[in-house]
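Encoded as structure tokens, the structure appears first; notes follow it.
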Amino acid sequence: MTDEEAKKAILDSLGEKSGAKTKFYLKDFYKILPDMKPRDVKNIVNRMVGEGLLEYWSSGSTTLIGLKGAGKQHKEED
Amino acid sequence: MAKHKTPMLDDLEKGPWPSFVSDIKQQAEKGKQVLKDAPDDLLGVMELSYEDRVTHWKHGGIVGVFGYGGGVIGRYCDQPEKFPGVAHFHTMRVNQPASMFYKTDFLIGLCDLWEKYGSGLTNMHGSTGDIILLGTITDNLEPMFYDMTHELNQDLGGSGSNLRTPNCCVGRARCEWSCYDTQEACYQFTMEYQDELHRPAFPYKFKFKFDGCPNGCVASIARADMSVIGAWKDDIRIDQSAVQAYAGGELKPNGGAHSGKDWGKFDIMREVVDLCPTGCMWWDGKKLTIDNRECSRCMHCLNVMPRALRIGTETGASVLFGAKAPILEGAQMSTLTVPFMPMEPPYQELKDLIEKVWDWWMEEGKNRERLGELIQRDTWQKFLQIIEMEPDPRMVDEPRSNPYIFWREEEVEGGWTRDINEYRKKHQR
Ligand code: SF4
Ligand code: SF4
């Protein structure tokens with residue numbers, strides 16, 4: 001799978017889920033791309049954050065990742 | 001004149017200790033911070049929390065600086081109309097210099113910068129070791145980060161599911177017990193793992209801490225997923241004439257630390273030899289003997305008689321894994337994994353080890369599961385397979401609590417299959 005295909009798989013999968021959950025653990029991304037090594041998935045996810053496709057949400061102790069602009073926080077606190 | 005009435009907080013100022021309430025009031029009065037109302041409103045919301053007995057902070061958020069997944073912690077107040085100065089009150093974690101050595105001009109620079117962009121309030125230091133800058137708004141994060149990295153050459157630390165800011169004891173900079181250069185190790189690991197520090201990659205947090213000796217001034221054994229604790233392989237160096245000077249009362253024990261009270265005359269038997277946890281010391285009135293094979297490097301005798309006893313010369317570190325505070329399971333100390341490893345730059349052996357551990361934890365660890373909890377769940381034996389180490393009696397905590405190491409099929413001649421007829425020739429049903 002190329003990087004572009006992997007990115008598309010991530011965006012498609014998060015898009016389908018939108019409505020219910022908007023923030024995910026990094027481990028949830030491994031499940032979207034079960035054939036890739038976790039380290040490679042991590043690198044793709046981080047690159048997608050850099051490109052503005054995804055964004056981090058952090059409680060201070062744990063980090064979650066979601067589609068940029070999705071979820072409650074944007075409406076309430078921006 | 002204070003903006004809010006805070007009788008309960010005022011009460012906290014009455015004790016004998018320095019008070020954070022007084023410090024915040026001082027910043028409010030000084031008023032040089034750009035977020036004028038932040039210190040006053042912080043006191044106000046805290047007083048309200050004391051009245052209501054619940055927090056008025058909301059947890060977390062989408063805040064950070066570009067390219068980083070950690071280092072900034074979003075904090076919003078749930079009473080923004082009453083306390084507009086702390087409606088947004090994000091924390092920045094700043095990577096502290098190794099061993100927290102500062103020059104005055106650096107500290108002044110940092111404080112000036114924080115008054116320019118934030119509340120002016122700091123917390124030196126957070127429990128992981130970072131410099132904590134308390135309270136700013138989202139719009140000020142990027143300019144603060146830019147100035148801090150460009151003018152002060154200082155980076156953000158770790159937060160979230162990241163490698164947290166590595167931390168080390170004062171080490172060879174001041175301490176004769178340091179078995180390796182903790183500052184160098186801390187710096188090298190910080191630089192090597194920038195990506196893990198700034199971009200979330202893990203199921204949960206991960207901490208490195210570097211103690212130069214088993215005295216453990218950064219308490220790595222209790223707090224770090226990977227604790228690196230200085231150790232020596234050869235013998236404790238003994239200066240017998242100095243031992244006699246301690247025994248005779250000419251030298252003060254513990255560097256004079258207990259001289260404020262009258263503890264009576266120093267008694268080398270009662271205070272050193274009899275307290276050795278492994279019972280490996282003897283004193284015949286003239287000569288101190290140590291059976292170094294039995295010494296567990298507890299540091300007690302060296303701490304009491306530093307002029308007479310010194311660490312050995314073949315030094316390095318022990319590496320332990322798995323400490324954490326209670327979240328999923330109870331609090332846990334880290335477990336001895338590598339009894340001795342030389343500690344010289346570029347620390348390749350330790351880096352290879354940690355990367356094997358991360359690969360396993362990233363794949364097998366559940367969300368919010370620390371390494372120590374994964375080891376507990378999936379067994380120590382599995383962990384040893386992953387890091388390709390043989391079990392060693394020194395890894396067993398104490399007799400009979402975890403002494404079982406099971407054979408794997410490939411380790412047994414003939415595997416699990418057997419010829420039942422051959423077996424029955426010797427063993428009846
Ligand atoms: S941990 Fe040991 S080497 Fe480090 S500062 Fe403390 S006593 Fe010294
Ligand atoms: S370091 Fe501890 S175990 Fe070793 S000889 Fe001294 S007191 Fe005994």
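Identifiers in this document derive from the order of the structure tokens: chains are assigned A, B, ..., residues are numbered from 1 separately in each chain, and ligands are numbered from 1 in order of occurrence.
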
**Study point:** Nearby polymer residues, ligand 1, at most 6 Å, only C-alpha atoms and all ligand atoms, as a list of chain:residue names
**Key:**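 Listed by chain and ascending number, the contacts are B:Cys169, B:Val170, B:Gly171, B:Cys175, B:Trp177, B:Ser178, B:Asp211, B:Gly212, B:Cys213, B:Pro214, B:Asn215, B:Gly216, B:Cys217.
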
Go ahead and write the selection's residues with all heavy atoms as a short mmCIF file (atom, residue, chain, number, x, y, z; two decimals), in the first residue's frame.
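Written out: part_32.cif:
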```
data_model
loop_
_atom_site.label_atom_id
_atom_site.label_comp_id
_atom_site.auth_asym_id
_atom_site.auth_seq_id
_atom_site.Cartn_x
_atom_site.Cartn_y
_atom_site.Cartn_z
N CYS B 169 19.71 13.30 37.53
CA CYS B 169 20.20 13.88 38.79
C CYS B 169 21.36 14.82 38.47
O CYS B 169 21.79 14.95 37.33
CB CYS B 169 20.62 12.78 39.75
SG CYS B 169 22.21 12.01 39.35
N VAL B 170 21.91 15.44 39.50
CA VAL B 170 22.97 16.42 39.29
C VAL B 170 24.24 15.76 38.74
O VAL B 170 25.04 16.35 38.03
CB VAL B 170 23.20 17.22 40.59
CG1 VAL B 170 23.96 16.39 41.60
CG2 VAL B 170 23.88 18.53 40.33
N GLY B 171 24.41 14.48 39.07
CA GLY B 171 25.47 13.67 38.45
C GLY B 171 26.87 14.21 38.64
O GLY B 171 27.19 14.83 39.65
N CYS B 175 28.56 15.59 41.97
CA CYS B 175 28.42 14.49 42.91
C CYS B 175 29.44 13.40 42.66
O CYS B 175 29.55 12.87 41.56
CB CYS B 175 27.01 13.92 42.81
SG CYS B 175 26.72 12.63 44.01
N TRP B 177 29.46 10.44 43.68
CA TRP B 177 28.93 9.08 43.60
C TRP B 177 28.42 8.72 42.20
O TRP B 177 28.00 7.60 41.97
CB TRP B 177 27.77 8.92 44.61
CG TRP B 177 28.23 8.89 46.01
CD1 TRP B 177 29.31 8.20 46.51
CD2 TRP B 177 27.65 9.59 47.13
NE1 TRP B 177 29.43 8.42 47.86
CE2 TRP B 177 28.42 9.26 48.27
CE3 TRP B 177 26.56 10.43 47.28
CZ2 TRP B 177 28.13 9.76 49.54
CZ3 TRP B 177 26.27 10.92 48.54
CH2 TRP B 177 27.05 10.60 49.65
N SER B 178 28.45 9.68 41.31
CA SER B 178 27.84 9.44 40.01
C SER B 178 28.66 8.40 39.22
O SER B 178 29.83 8.62 38.93
CB SER B 178 27.77 10.75 39.23
OG SER B 178 26.89 10.60 38.15
N ASP B 211 19.50 8.27 37.10
CA ASP B 211 20.12 8.46 38.42
C ASP B 211 21.57 8.02 38.32
O ASP B 211 21.86 6.95 37.78
CB ASP B 211 19.42 7.59 39.47
CG ASP B 211 18.16 8.25 40.03
OD1 ASP B 211 18.23 9.45 40.37
OD2 ASP B 211 17.14 7.56 40.15
N GLY B 212 22.45 8.82 38.89
CA GLY B 212 23.88 8.49 38.81
C GLY B 212 24.30 7.36 39.72
O GLY B 212 25.32 6.73 39.51
N CYS B 213 23.52 7.12 40.78
CA CYS B 213 23.85 6.03 41.70
C CYS B 213 22.56 5.58 42.38
O CYS B 213 21.52 6.23 42.23
CB CYS B 213 24.89 6.49 42.73
SG CYS B 213 24.18 7.44 44.09
N PRO B 214 22.62 4.51 43.16
CA PRO B 214 21.38 4.01 43.77
C PRO B 214 20.76 4.94 44.82
O PRO B 214 19.66 4.64 45.30
CB PRO B 214 21.81 2.68 44.41
CG PRO B 214 23.00 2.25 43.62
CD PRO B 214 23.72 3.53 43.29
N ASN B 215 21.40 6.05 45.17
CA ASN B 215 20.70 7.00 46.05
C ASN B 215 19.44 7.55 45.36
O ASN B 215 18.51 7.97 46.03
CB ASN B 215 21.61 8.16 46.43
CG ASN B 215 22.48 7.82 47.63
OD1 ASN B 215 22.09 6.98 48.46
ND2 ASN B 215 23.63 8.45 47.74
N GLY B 216 19.46 7.57 44.06
CA GLY B 216 18.24 7.84 43.31
C GLY B 216 17.65 9.22 43.54
O GLY B 216 16.47 9.35 43.89
N CYS B 217 18.41 10.26 43.29
CA CYS B 217 17.91 11.61 43.56
C CYS B 217 16.76 12.02 42.64
O CYS B 217 16.01 12.92 42.98
CB CYS B 217 19.06 12.62 43.50
SG CYS B 217 20.19 12.38 44.88
#
```

Exercise for review: Output as a list of chain:residue names the set of chain B residues within 8 Å of chain A, with distances taken over only C-alpha atoms.
Suggested key: B:His59, B:Gly60, B:Gly61, B:Ile62, B:Val63, B:Phe66, B:Gly67, B:Gly69, B:Gly70, B:Val72, B:Ile73, B:Gly74, B:Ser159, B:Gly160, B:Ser161, B:Arg199, B:Pro200, B:Ala201, B:Phe202, B:Pro203, B:Tyr204, B:Lys205, B:Asp359, B:Met362, B:Glu363, B:Lys366, B:Asn367, B:Arg368

Exercise for review: Counting only C-alpha atoms and all ligand atoms, figure out which residue out of B:Tyr246, B:Trp282, B:Phe83, B:Phe210 gets nearest to ligand 2.
Suggested key: B:Trp282

Point to revise | Selection within 10 Å of ligand 2 by only C-alpha atoms and all ligand atoms, output as a ChimeraX atom specification | key: /B:214,235-236,271-282,289-305,309-311

Got time to write the residues from that selection, C-alpha atoms, as a short mmCIF file (atom, residue, chain, number, x, y, z; two decimals), in the first residue's frame?
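Generated output (part-v7.cif):
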```
data_model
loop_
_atom_site.label_atom_id
_atom_site.label_comp_id
_atom_site.auth_asym_id
_atom_site.auth_seq_id
_atom_site.Cartn_x
_atom_site.Cartn_y
_atom_site.Cartn_z
CA PRO B 214 21.38 4.01 43.77
CA ASP B 235 34.97 -3.30 44.71
CA ILE B 236 34.11 -0.39 46.97
CA GLU B 271 25.32 2.80 62.44
CA VAL B 272 27.10 1.15 59.55
CA VAL B 273 28.05 -2.52 59.84
CA ASP B 274 24.84 -3.72 61.50
CA LEU B 275 22.70 -1.74 59.07
CA CYS B 276 24.25 -3.23 55.94
CA PRO B 277 21.20 -4.92 54.40
CA THR B 278 23.15 -7.88 53.07
CA GLY B 279 25.33 -8.33 56.14
CA CYS B 280 28.49 -8.25 54.06
CA MET B 281 30.68 -5.98 56.24
CA TRP B 282 32.97 -6.67 59.17
CA THR B 289 36.25 -5.62 55.35
CA ILE B 290 33.55 -5.85 52.67
CA ASP B 291 32.52 -8.97 50.80
CA ASN B 292 31.81 -7.13 47.55
CA ARG B 293 30.17 -10.14 45.91
CA GLU B 294 27.32 -9.84 48.38
CA CYS B 295 27.07 -6.03 48.38
CA SER B 296 23.80 -4.85 46.82
CA ARG B 297 25.09 -1.28 46.24
CA CYS B 298 22.54 0.14 48.64
CA MET B 299 24.85 3.16 49.23
CA HIS B 300 24.31 3.23 53.01
CA CYS B 301 27.94 2.80 54.08
CA LEU B 302 29.16 5.22 51.39
CA ASN B 303 26.63 7.84 52.49
CA VAL B 304 27.70 7.61 56.13
CA MET B 305 31.45 7.60 55.50
CA LEU B 309 34.43 4.64 51.12
CA ARG B 310 34.13 5.33 47.44
CA ILE B 311 32.33 3.70 44.54
#
```

Practice item. Work out how far apart atom CA of B:Gln244 and atom CA of B:Trp232 are and give it in Å to one decimal. Key: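 Straight-line distance from atom CA of B:Gln244 to atom CA of B:Trp232 works out to 24.5 Å.
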
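Every protein, DNA or RNA residue with an atom at most 9 Å from B:Thr91, where only C-alpha atoms count and chain neighbours fewer than 6 positions away do not, is listed here: Gly71, Val72, Ile73, Gly74, Arg75, Ile132, Leu133, Leu134, Gly135 and Thr136 of chain B.
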
Point to revise | B:Leu384 surroundings by only C-alpha atoms, 12 Å radius, close-in-sequence under 4 positions cut, as a ChimeraX atom specification | key: /B:321,335-338,353,356-357,360,375,378-380,388-392,395,405

Practice item. For stretch 31-47 of chain B, please output as an MDAnalysis selection string all residues within 12 Å (counting only C-alpha atoms; exclusion window: fewer than 5 positions along the same chain). Key: chainID B and resid 1:12 20:26 52:57 76:90 111:122 134:137 140

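DSSP on the backbone gives strand (DSSP E or B) for these parts of stretch 2-65 of chain A: Phe24, Leu54, Glu55, Tyr56, Trp57, Ser58, Thr63, Leu64 and Ile65 of chain A.
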
Review point. Skipping near chain neighbours, those fewer than 4 positions away, what residues fall within 9 Å of B:Ile327 using only C-alpha atoms, listed as a PyMOL selection string?
Key: chain B and resi 331+368-370

Since we have the selection now, will you write its residues out, keeping all heavy atoms, as a PDB file, in the first residue's frame?
```
ATOM      1  N   ALA B 331       0.523   1.238  42.325  1.00  0.00           N
ATOM      2  CA  ALA B 331       1.850   1.783  42.050  1.00  0.00           C
ATOM      3  C   ALA B 331       2.855   0.642  41.952  1.00  0.00           C
ATOM      4  O   ALA B 331       2.687  -0.392  42.578  1.00  0.00           O
ATOM      5  CB  ALA B 331       2.257   2.740  43.160  1.00  0.00           C
ATOM      6  N   ARG B 368      -3.800   3.660  27.143  1.00  0.00           N
ATOM      7  CA  ARG B 368      -3.559   4.076  28.527  1.00  0.00           C
ATOM      8  C   ARG B 368      -2.968   2.968  29.395  1.00  0.00           C
ATOM      9  O   ARG B 368      -3.179   2.924  30.599  1.00  0.00           O
ATOM     10  CB  ARG B 368      -4.836   4.633  29.162  1.00  0.00           C
ATOM     11  CG  ARG B 368      -5.270   5.938  28.534  1.00  0.00           C
ATOM     12  CD  ARG B 368      -6.600   6.400  29.059  1.00  0.00           C
ATOM     13  NE  ARG B 368      -6.545   6.782  30.470  1.00  0.00           N
ATOM     14  CZ  ARG B 368      -6.106   7.935  30.922  1.00  0.00           C
ATOM     15  NH1 ARG B 368      -5.650   8.843  30.094  1.00  0.00           N
ATOM     16  NH2 ARG B 368      -6.113   8.195  32.212  1.00  0.00           N
ATOM     17  N   GLU B 369      -2.223   2.064  28.783  1.00  0.00           N
ATOM     18  CA  GLU B 369      -1.542   1.026  29.560  1.00  0.00           C
ATOM     19  C   GLU B 369      -0.058   1.327  29.583  1.00  0.00           C
ATOM     20  O   GLU B 369       0.579   1.388  28.533  1.00  0.00           O
ATOM     21  CB  GLU B 369      -1.800  -0.351  28.938  1.00  0.00           C
ATOM     22  CG  GLU B 369      -1.227  -1.501  29.748  1.00  0.00           C
ATOM     23  CD  GLU B 369      -1.587  -2.868  29.156  1.00  0.00           C
ATOM     24  OE1 GLU B 369      -1.377  -3.070  27.951  1.00  0.00           O
ATOM     25  OE2 GLU B 369      -2.084  -3.712  29.904  1.00  0.00           O
ATOM     26  N   ARG B 370       0.494   1.524  30.780  1.00  0.00           N
ATOM     27  CA  ARG B 370       1.925   1.780  30.886  1.00  0.00           C
ATOM     28  C   ARG B 370       2.698   0.492  30.639  1.00  0.00           C
ATOM     29  O   ARG B 370       2.161  -0.614  30.798  1.00  0.00           O
ATOM     30  CB  ARG B 370       2.264   2.329  32.287  1.00  0.00           C
ATOM     31  CG  ARG B 370       1.706   3.695  32.594  1.00  0.00           C
ATOM     32  CD  ARG B 370       2.487   4.827  31.979  1.00  0.00           C
ATOM     33  NE  ARG B 370       3.776   5.082  32.623  1.00  0.00           N
ATOM     34  CZ  ARG B 370       3.964   5.913  33.640  1.00  0.00           C
ATOM     35  NH1 ARG B 370       2.945   6.573  34.168  1.00  0.00           N
ATOM     36  NH2 ARG B 370       5.183   6.117  34.132  1.00  0.00           N
TER      37      ARG B 370
END
```

Practice item. Measure the distance from atom CA of B:Val218 to atom CA of B:Glu349 in Å and round it to one decimal. Key: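 Atom CA of B:Val218 sits 22.6 Å away from atom CA of B:Glu349.
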